[in-house]
>>> print(open('structure-v8.cif').read())   # mmCIF, C-alpha atoms and all ligand atoms
data_coords
#
loop_
_atom_site.label_atom_id
_atom_site.label_comp_id
_atom_site.auth_asym_id
_atom_site.auth_seq_id
_atom_site.Cartn_x
_atom_site.Cartn_y
_atom_site.Cartn_z
CA TYR Q 584 0.00 0.00 0.00
CA LYS Q 585 0.88 3.59 -0.51
CA ARG Q 586 0.03 6.20 2.08
CA VAL Q 587 -2.76 8.56 1.13
CA THR Q 588 -1.64 12.19 1.03
CA VAL Q 589 -3.42 15.48 0.44
CA LYS Q 590 -1.91 15.32 -3.03
CA SER Q 591 -3.34 11.89 -3.79
CA LEU Q 592 -6.81 13.21 -2.96
CA VAL Q 593 -6.54 15.97 -5.53
CA GLU Q 594 -5.28 13.40 -8.06
CA MET Q 595 -8.27 11.19 -7.26
CA LYS Q 596 -10.62 14.05 -8.05
CA HIS Q 597 -8.96 14.61 -11.38
CA SER Q 598 -8.94 10.93 -12.34
CA GLY Q 599 -12.59 10.59 -11.29
CA GLU Q 600 -11.92 8.10 -8.46
CA LYS Q 601 -14.32 8.82 -5.58
CA ILE Q 602 -12.79 9.46 -2.16
CA SER Q 603 -13.96 7.36 0.81
CA MET Q 604 -13.85 8.91 4.27
CA LEU Q 605 -15.12 7.77 7.70
CA THR Q 606 -14.75 8.97 11.24
CA ALA Q 607 -12.81 7.11 13.93
CA TYR Q 608 -11.96 8.16 17.45
CA ASP Q 609 -9.96 5.26 18.90
CA TYR Q 610 -7.19 2.78 18.12
CA SER Q 611 -9.22 -0.42 17.72
CA MET Q 612 -11.79 1.02 15.33
CA ALA Q 613 -9.23 3.00 13.35
CA LYS Q 614 -7.20 -0.19 12.81
CA ILE Q 615 -10.22 -1.93 11.24
CA VAL Q 616 -11.18 1.10 9.15
CA ASP Q 617 -7.63 1.57 7.86
CA ASN Q 618 -7.19 -2.12 7.02
CA ALA Q 619 -10.50 -2.09 5.14
CA GLY Q 620 -8.98 0.43 2.73
CA ILE Q 621 -10.49 3.78 3.65
CA ASP Q 622 -8.78 6.80 2.06
CA VAL Q 623 -9.34 9.36 4.82
CA ILE Q 624 -10.04 8.96 8.54
CA LEU Q 625 -11.65 11.96 10.16
CA VAL Q 626 -11.15 12.35 13.89
CA GLY Q 627 -14.36 14.35 14.03
CA ASP Q 628 -15.57 16.48 16.88
CA SER Q 629 -18.64 14.23 16.54
CA ALA Q 630 -16.65 12.36 19.21
CA SER Q 631 -18.40 14.81 21.51
CA ASN Q 632 -21.71 13.08 20.67
CA VAL Q 633 -20.61 9.56 19.82
CA MET Q 634 -17.88 9.00 22.41
CA ALA Q 635 -18.85 11.36 25.23
CA GLY Q 636 -22.64 11.50 24.95
CA HIS Q 637 -22.96 15.26 24.69
CA GLU Q 638 -25.93 16.66 22.80
CA THR Q 639 -23.76 18.90 20.60
CA THR Q 640 -20.16 19.08 19.39
CA LEU Q 641 -19.48 22.24 21.41
CA PRO Q 642 -18.20 20.78 24.71
CA ILE Q 643 -15.29 18.68 23.39
CA THR Q 644 -11.90 20.20 24.20
CA LEU Q 645 -8.65 20.45 22.26
CA ASP Q 646 -6.98 18.10 24.76
CA GLN Q 647 -9.72 15.53 24.23
CA MET Q 648 -9.44 15.83 20.44
CA ILE Q 649 -5.68 15.27 20.72
CA TYR Q 650 -6.28 12.14 22.84
CA HIS Q 651 -8.66 10.72 20.21
CA ALA Q 652 -6.40 11.70 17.31
CA SER Q 653 -3.23 10.24 18.82
CA SER Q 654 -5.06 6.93 19.40
CA VAL Q 655 -6.15 6.88 15.75
CA VAL Q 656 -2.72 7.81 14.39
CA ARG Q 657 -1.12 4.86 16.24
CA ALA Q 658 -3.46 2.50 14.38
CA ILE Q 659 -3.08 3.57 10.78
CA ASP Q 660 -0.70 2.47 8.02
CA ARG Q 661 -2.32 4.01 4.98
CA ALA Q 662 -5.16 6.49 5.52
CA LEU Q 663 -4.79 10.26 5.69
CA VAL Q 664 -5.80 11.40 9.19
CA VAL Q 665 -7.71 14.68 9.38
CA VAL Q 666 -8.48 16.14 12.83
CA ASP Q 667 -11.30 18.58 13.64
CA LEU Q 668 -10.34 21.76 15.43
CA PRO Q 669 -12.97 21.86 18.20
CA PHE Q 670 -15.29 24.76 18.96
CA GLY Q 671 -13.45 27.53 20.77
CA SER Q 672 -9.97 26.54 19.65
CA TYR Q 673 -9.84 28.71 16.51
CA GLN Q 674 -12.65 31.28 16.39
CA SER Q 675 -11.36 33.94 18.75
CA ASP Q 676 -8.14 34.89 16.96
CA PRO Q 677 -5.86 33.62 14.20
CA LYS Q 678 -2.88 33.17 16.50
CA GLU Q 679 -4.86 30.94 18.80
CA ALA Q 680 -6.10 29.02 15.75
CA LEU Q 681 -2.53 28.41 14.66
CA ARG Q 682 -1.48 27.39 18.18
CA SER Q 683 -4.35 24.89 18.30
CA ALA Q 684 -3.48 23.45 14.89
CA ILE Q 685 0.19 23.16 15.88
CA ARG Q 686 -0.76 21.31 19.07
CA ILE Q 687 -2.80 18.82 17.03
CA MET Q 688 0.04 18.23 14.57
CA LYS Q 689 2.75 17.89 17.25
CA GLU Q 690 0.87 16.03 19.96
CA SER Q 691 -1.29 13.68 17.88
CA GLY Q 692 0.69 13.13 14.69
CA GLY Q 693 -2.39 13.84 12.55
CA HIS Q 694 -1.82 14.92 8.97
CA ALA Q 695 -4.27 17.80 8.53
CA VAL Q 696 -6.91 19.83 10.37
CA LYS Q 697 -10.52 20.67 9.55
CA LEU Q 698 -12.27 23.94 10.46
CA GLU Q 699 -15.92 24.92 10.03
CA GLY Q 700 -16.68 28.10 8.12
CA GLY Q 701 -15.71 30.27 5.17
CA GLN Q 702 -14.65 33.87 4.90
CA GLU Q 703 -15.44 34.53 8.60
CA ILE Q 704 -12.34 32.54 9.56
CA LYS Q 705 -10.18 33.70 6.67
CA GLU Q 706 -7.23 34.92 8.75
CA SER Q 707 -7.10 31.74 10.81
CA ILE Q 708 -7.09 29.52 7.74
CA LYS Q 709 -4.31 31.56 6.13
CA ARG Q 710 -2.13 31.45 9.24
CA ILE Q 711 -2.49 27.69 9.60
CA LEU Q 712 -1.76 27.14 5.91
CA ASN Q 713 1.27 29.44 6.11
CA ALA Q 714 2.69 27.17 8.80
CA GLY Q 715 2.55 24.27 6.34
CA ILE Q 716 -0.42 22.56 7.93
CA PRO Q 717 -2.98 21.24 5.39
CA VAL Q 718 -6.51 22.53 5.97
CA MET Q 719 -9.82 20.91 5.06
CA GLY Q 720 -12.82 23.25 4.93
CA HIS Q 721 -16.37 22.47 6.08
CA LEU Q 722 -19.45 24.31 4.78
CA GLY Q 723 -23.22 23.84 4.75
CA LEU Q 724 -24.48 22.38 8.00
CA THR Q 725 -21.78 23.34 10.48
CA PRO Q 726 -22.68 21.73 13.83
CA GLN Q 727 -20.47 24.08 15.86
CA SER Q 728 -22.92 26.88 14.89
CA ILE Q 729 -26.04 24.93 15.88
CA TYR Q 730 -27.23 27.61 18.29
CA LYS Q 731 -27.10 30.21 15.53
CA PHE Q 732 -29.30 28.10 13.22
CA GLY Q 733 -31.44 26.32 15.81
CA THR Q 734 -31.93 23.10 13.81
CA TYR Q 735 -30.01 20.38 12.00
CA THR Q 736 -32.16 20.68 8.85
CA VAL Q 737 -30.92 20.94 5.25
CA ARG Q 738 -28.89 24.13 4.57
CA ALA Q 739 -28.57 26.49 1.61
CA LYS Q 740 -31.98 25.77 0.12
CA GLU Q 741 -32.49 29.49 -0.43
CA GLU Q 742 -30.75 31.49 -3.14
CA ALA Q 743 -28.84 33.84 -0.81
CA GLU Q 744 -27.41 31.08 1.39
CA ALA Q 745 -26.54 29.02 -1.69
CA ALA Q 746 -24.72 31.98 -3.26
CA LYS Q 747 -22.74 32.54 -0.05
CA LEU Q 748 -21.81 28.87 0.07
CA ILE Q 749 -20.49 28.94 -3.50
CA GLU Q 750 -18.46 32.06 -2.67
CA ASP Q 751 -17.09 30.46 0.48
CA ALA Q 752 -16.10 27.31 -1.42
CA ARG Q 753 -14.23 29.40 -3.98
CA PHE Q 754 -12.57 31.33 -1.17
CA LEU Q 755 -11.41 28.13 0.56
CA GLU Q 756 -9.99 26.84 -2.72
CA LYS Q 757 -8.16 30.11 -3.36
CA ALA Q 758 -6.83 30.26 0.19
CA GLY Q 759 -5.18 26.88 -0.37
CA CYS Q 760 -7.40 24.31 1.40
CA PHE Q 761 -6.81 20.80 0.01
CA ALA Q 762 -10.48 19.70 0.23
CA ILE Q 763 -13.90 20.75 1.50
CA VAL Q 764 -16.63 18.87 3.34
CA LEU Q 765 -20.18 19.86 2.36
CA GLU Q 766 -22.75 18.76 4.91
CA LYS Q 767 -26.51 18.41 4.32
CA ILE Q 768 -27.17 20.69 1.35
CA PRO Q 769 -29.16 20.08 -1.87
CA ALA Q 770 -27.44 17.61 -4.22
CA THR Q 771 -27.64 19.98 -7.20
CA LEU Q 772 -25.86 22.75 -5.27
CA ALA Q 773 -23.16 20.35 -4.03
CA GLN Q 774 -22.56 19.10 -7.56
CA GLN Q 775 -22.33 22.66 -8.82
CA VAL Q 776 -19.69 23.45 -6.18
CA ALA Q 777 -17.71 20.28 -6.96
CA GLN Q 778 -17.68 21.13 -10.65
CA SER Q 779 -16.67 24.75 -10.11
CA ILE Q 780 -13.55 24.15 -7.98
CA THR Q 781 -10.42 22.06 -8.52
CA ILE Q 782 -10.06 20.70 -4.96
CA PRO Q 783 -12.04 17.63 -3.85
CA VAL Q 784 -15.50 18.11 -2.35
CA ILE Q 785 -16.49 15.39 0.12
CA GLY Q 786 -20.17 15.19 0.93
CA ILE Q 787 -22.35 14.01 3.79
CA GLY Q 788 -26.00 14.33 2.88
CA ALA Q 789 -24.90 16.22 -0.23
CA GLY Q 790 -25.73 13.67 -2.94
CA GLY Q 791 -23.63 11.73 -5.42
CA GLY Q 792 -22.41 14.58 -7.61
CA VAL Q 793 -19.40 15.32 -5.40
CA ASP Q 794 -15.89 13.86 -5.27
CA GLY Q 795 -16.27 11.64 -2.21
CA GLN Q 796 -18.42 10.64 0.73
CA VAL Q 797 -18.04 10.75 4.51
CA LEU Q 798 -20.13 9.14 7.26
CA VAL Q 799 -19.84 8.77 10.99
CA LEU Q 800 -18.52 5.23 11.56
CA HIS Q 801 -20.93 4.39 14.39
CA ASP Q 802 -23.88 5.42 12.19
CA LEU Q 803 -22.71 3.25 9.26
CA LEU Q 804 -22.29 0.28 11.63
CA GLY Q 805 -25.71 0.82 13.15
CA MET Q 806 -24.28 1.25 16.65
CA THR Q 807 -26.24 4.47 17.03
CA HIS Q 808 -29.94 3.87 16.50
CA GLU Q 809 -31.75 7.07 17.37
CA PHE Q 810 -30.27 9.02 14.44
CA ASN Q 811 -32.08 8.37 11.16
CA PRO Q 812 -31.43 11.06 8.54
CA ARG Q 813 -32.25 10.22 4.92
CA PHE Q 814 -28.57 10.34 3.90
CA LEU Q 815 -27.53 7.60 6.31
CA ARG Q 816 -27.05 4.13 4.85
CA ARG Q 817 -26.59 1.56 7.61
CA TYR Q 818 -24.36 -1.35 6.59
CA MET Q 819 -24.92 -3.29 9.83
CA ASN Q 820 -27.23 -3.29 12.82
CA LEU Q 821 -24.51 -3.58 15.42
CA TYR Q 822 -26.67 -2.07 18.15
CA ASP Q 823 -28.98 -5.09 17.99
CA ASP Q 824 -26.18 -7.62 17.44
CA MET Q 825 -24.16 -6.29 20.38
CA ASN Q 826 -27.23 -6.12 22.55
CA LYS Q 827 -27.93 -9.78 21.80
CA ALA Q 828 -24.34 -10.85 22.46
CA ILE Q 829 -24.12 -8.98 25.73
CA SER Q 830 -27.47 -10.15 27.07
CA GLN Q 831 -26.47 -13.72 26.18
CA TYR Q 832 -23.27 -13.25 28.20
CA VAL Q 833 -25.25 -11.90 31.14
CA SER Q 834 -27.60 -14.87 31.04
CA ASP Q 835 -24.69 -17.34 30.67
CA VAL Q 836 -23.01 -15.87 33.75
CA LYS Q 837 -26.24 -15.99 35.74
CA SER Q 838 -26.99 -19.58 34.69
CA GLN Q 839 -23.35 -20.62 35.29
CA ASP Q 840 -23.08 -21.78 31.68
CA PHE Q 841 -20.01 -19.54 31.43
CA PRO Q 842 -17.23 -20.42 32.04
CA ASN Q 843 -17.39 -24.12 31.18
CA GLU Q 844 -14.70 -26.74 31.85
CA ASN Q 845 -12.66 -25.82 28.78
CA GLU Q 846 -12.72 -22.16 29.69
CA GLN Q 847 -10.85 -22.48 32.97
CA TYR Q 848 -7.39 -23.48 34.26
O1 LIG Q 901 -17.30 15.56 13.18
C1 LIG Q 901 -17.68 14.93 12.17
O2 LIG Q 901 -17.98 13.72 12.23
C2 LIG Q 901 -17.75 15.64 10.90
C3 LIG Q 901 -18.29 14.90 9.71
C4 LIG Q 901 -19.75 14.62 9.86
C5 LIG Q 901 -17.99 15.59 8.44
O3 LIG Q 901 -17.37 16.76 10.84
NA NA Q 902 -17.00 17.78 12.83
#
>>> encode(input="structure-v8.cif", output="structure tokens")
Amino acid sequence: YKRVTVKSLVEMKHSGEKISMLTAYDYSMAKIVDNAGIDVILVGDSASNVMAGHETTLPITLDQMIYHASSVVRAIDRALVVVDLPFGSYQSDPKEALRSAIRIMKESGGHAVKLEGGQEIKESIKRILNAGIPVMGHLGLTPQSIYKFGTYTVRAKEEAEAAKLIEDARFLEKAGCFAIVLEKIPATLAQQVAQSITIPVIGIGAGGGVDGQVLVLHDLLGMTHEFNPRFLRRYMNLYDDMNKAISQYVSDVKSQDFPNENEQY
């Protein structure tokens, strides 16, 4: 295998090969995801929901993101590891944004960072890029701004918001980002963005007209079961399978079926 780099992703866009991306937050899962041939692993701040049980992505800290990211980095041989800058670690000023990005690169060994937003965070993106740290953008539904929008519904359905999104995507490309995530926007708009810029556009709930797809691993595996957006394809029902396995274990312990004679010393 050859390691995936930010350069290989751009080459994949140009050759028409779709980019596969999934989240992971720990060593054991990242090992499986990497061995299965994923191109990009995102250490998403969705860890705040999936790993820690918070209602939003806002509470997770930079230290916690570094812990997750370093666990993932130790597991991978091939995938590109992108790490979310968490809420509060880059919005207040560009110097703090760069300090946060540097901490992620030094302390976790991740290969790139992802930030939510467009022209609002222009100076921060430029500073991070100037330090030689690859940046992935994230537009459309940006969960760190949930309290500004109030809902997790589809974004950029109206003309004005769609026009701003196109402008932001062009800005991120011009600034030097190596890719952009588009979350939960109309498929036609996402396709239009993907066709109008030269860097890869990776979608979640953004249709098939983009350059790649990303999902939250625990959603794909069916480990989460209260989250049912239209864009989610579940490849397993692990919640049910794990529930069955664990309740069987409980009943085997209670009935003294486990351990049996061959399972002891
Ligand atoms: O944190 C995350 O999992 C993400 C993806 C949904 C793109 O940002
Ligand atoms: Na995220």
>>> closest_residue(input="structure-v8.cif", among="Q:His801, Q:Lys757, Q:Arg657, Q:Lys740", to="ligand LIG 901 (chain Q)", atoms="only C-alpha atoms and all ligand atoms")
Q:His801
>>> residues_around(input="structure-v8.cif", residues="region 822-831 of chain Q", least_positions_apart="2", cutoff="10 Å", atoms="all atoms listed in the file", output="PyMOL selection string")
chain Q and resi 801-802+804-808+819-820+833-837
>>> atom_distance(input="structure-v8.cif", atom1="CA of Asp609 (chain Q)", atom2="CA of Val655 (chain Q)")
5.2 Å
>>> closest_residue(input="structure-v8.cif", among="Q:His651, Q:Arg817, Q:Lys697, Q:Lys747", to="ligand LIG 901 (chain Q)", atoms="all atoms listed in the file")
Q:Lys697
>>> residues_near_point(input="structure-v8.cif", point="(-13.5, 4.1, 14.3)", cutoff="9 Å", atoms="all atoms listed in the file", output="MDAnalysis selection string")
chainID Q and resid 605:616 624 626 655 799:801
>>> closest_atom_pairs(input="structure-v8.cif", of="chain Q", to="ligand NA 902 (chain Q)", cutoff="9 Å", atoms="only C-alpha atoms and all ligand atoms", output="tab-separated table")
residue	atom	partner	partner_atom	distance
Q:Leu625	CA	Q:NA902	NA	8.3
Q:Val626	CA	Q:NA902	NA	8.1
Q:Gly627	CA	Q:NA902	NA	4.5
Q:Asp628	CA	Q:NA902	NA	4.5
Q:Ser629	CA	Q:NA902	NA	5.4
Q:Ala630	CA	Q:NA902	NA	8.4
Q:Thr640	CA	Q:NA902	NA	7.4
Q:Val666	CA	Q:NA902	NA	8.7
Q:Asp667	CA	Q:NA902	NA	5.8
Q:Leu668	CA	Q:NA902	NA	8.2
Q:Pro669	CA	Q:NA902	NA	7.9
Q:Lys697	CA	Q:NA902	NA	7.8
Q:Leu698	CA	Q:NA902	NA	8.1
Q:Glu699	CA	Q:NA902	NA	7.7
Q:His721	CA	Q:NA902	NA	8.2
Q:Thr725	CA	Q:NA902	NA	7.7
Q:Pro726	CA	Q:NA902	NA	7.0
Q:Gln727	CA	Q:NA902	NA	7.8
>>> decode(input="structure-v8.cif", residues="region 821-835 of chain Q", atoms="N, CA and C atoms", output="tab-separated table (two decimals), in the first residue's frame")
chain	number	residue	atom	x	y	z
Q	821	LEU	N	-25.35	-3.15	14.30
Q	821	LEU	CA	-24.51	-3.58	15.42
Q	821	LEU	C	-25.16	-3.33	16.77
Q	822	TYR	N	-26.01	-2.32	16.86
Q	822	TYR	CA	-26.67	-2.07	18.15
Q	822	TYR	C	-27.42	-3.33	18.60
Q	823	ASP	N	-28.19	-3.90	17.67
Q	823	ASP	CA	-28.98	-5.09	17.99
Q	823	ASP	C	-28.08	-6.31	18.21
Q	824	ASP	N	-27.08	-6.46	17.32
Q	824	ASP	CA	-26.18	-7.62	17.44
Q	824	ASP	C	-25.40	-7.58	18.76
Q	825	MET	N	-24.93	-6.41	19.13
Q	825	MET	CA	-24.16	-6.29	20.38
Q	825	MET	C	-25.07	-6.49	21.57
Q	826	ASN	N	-26.26	-5.95	21.47
Q	826	ASN	CA	-27.23	-6.12	22.55
Q	826	ASN	C	-27.50	-7.61	22.79
Q	827	LYS	N	-27.68	-8.34	21.70
Q	827	LYS	CA	-27.93	-9.78	21.80
Q	827	LYS	C	-26.74	-10.49	22.45
Q	828	ALA	N	-25.54	-10.20	21.95
Q	828	ALA	CA	-24.34	-10.85	22.46
Q	828	ALA	C	-24.16	-10.58	23.95
Q	829	ILE	N	-24.37	-9.34	24.33
Q	829	ILE	CA	-24.12	-8.98	25.73
Q	829	ILE	C	-25.20	-9.55	26.65
Q	830	SER	N	-26.44	-9.56	26.19
Q	830	SER	CA	-27.47	-10.15	27.07
Q	830	SER	C	-27.30	-11.67	27.18
Q	831	GLN	N	-26.77	-12.27	26.11
Q	831	GLN	CA	-26.47	-13.72	26.18
Q	831	GLN	C	-25.38	-13.98	27.22
Q	832	TYR	N	-24.35	-13.13	27.20
Q	832	TYR	CA	-23.27	-13.25	28.20
Q	832	TYR	C	-23.82	-13.12	29.61
Q	833	VAL	N	-24.65	-12.11	29.82
Q	833	VAL	CA	-25.25	-11.90	31.14
Q	833	VAL	C	-26.00	-13.16	31.58
Q	834	SER	N	-26.79	-13.71	30.65
Q	834	SER	CA	-27.60	-14.87	31.04
Q	834	SER	C	-26.70	-16.10	31.26
Q	835	ASP	N	-25.62	-16.23	30.48
Q	835	ASP	CA	-24.69	-17.34	30.67
Q	835	ASP	C	-23.97	-17.27	32.01
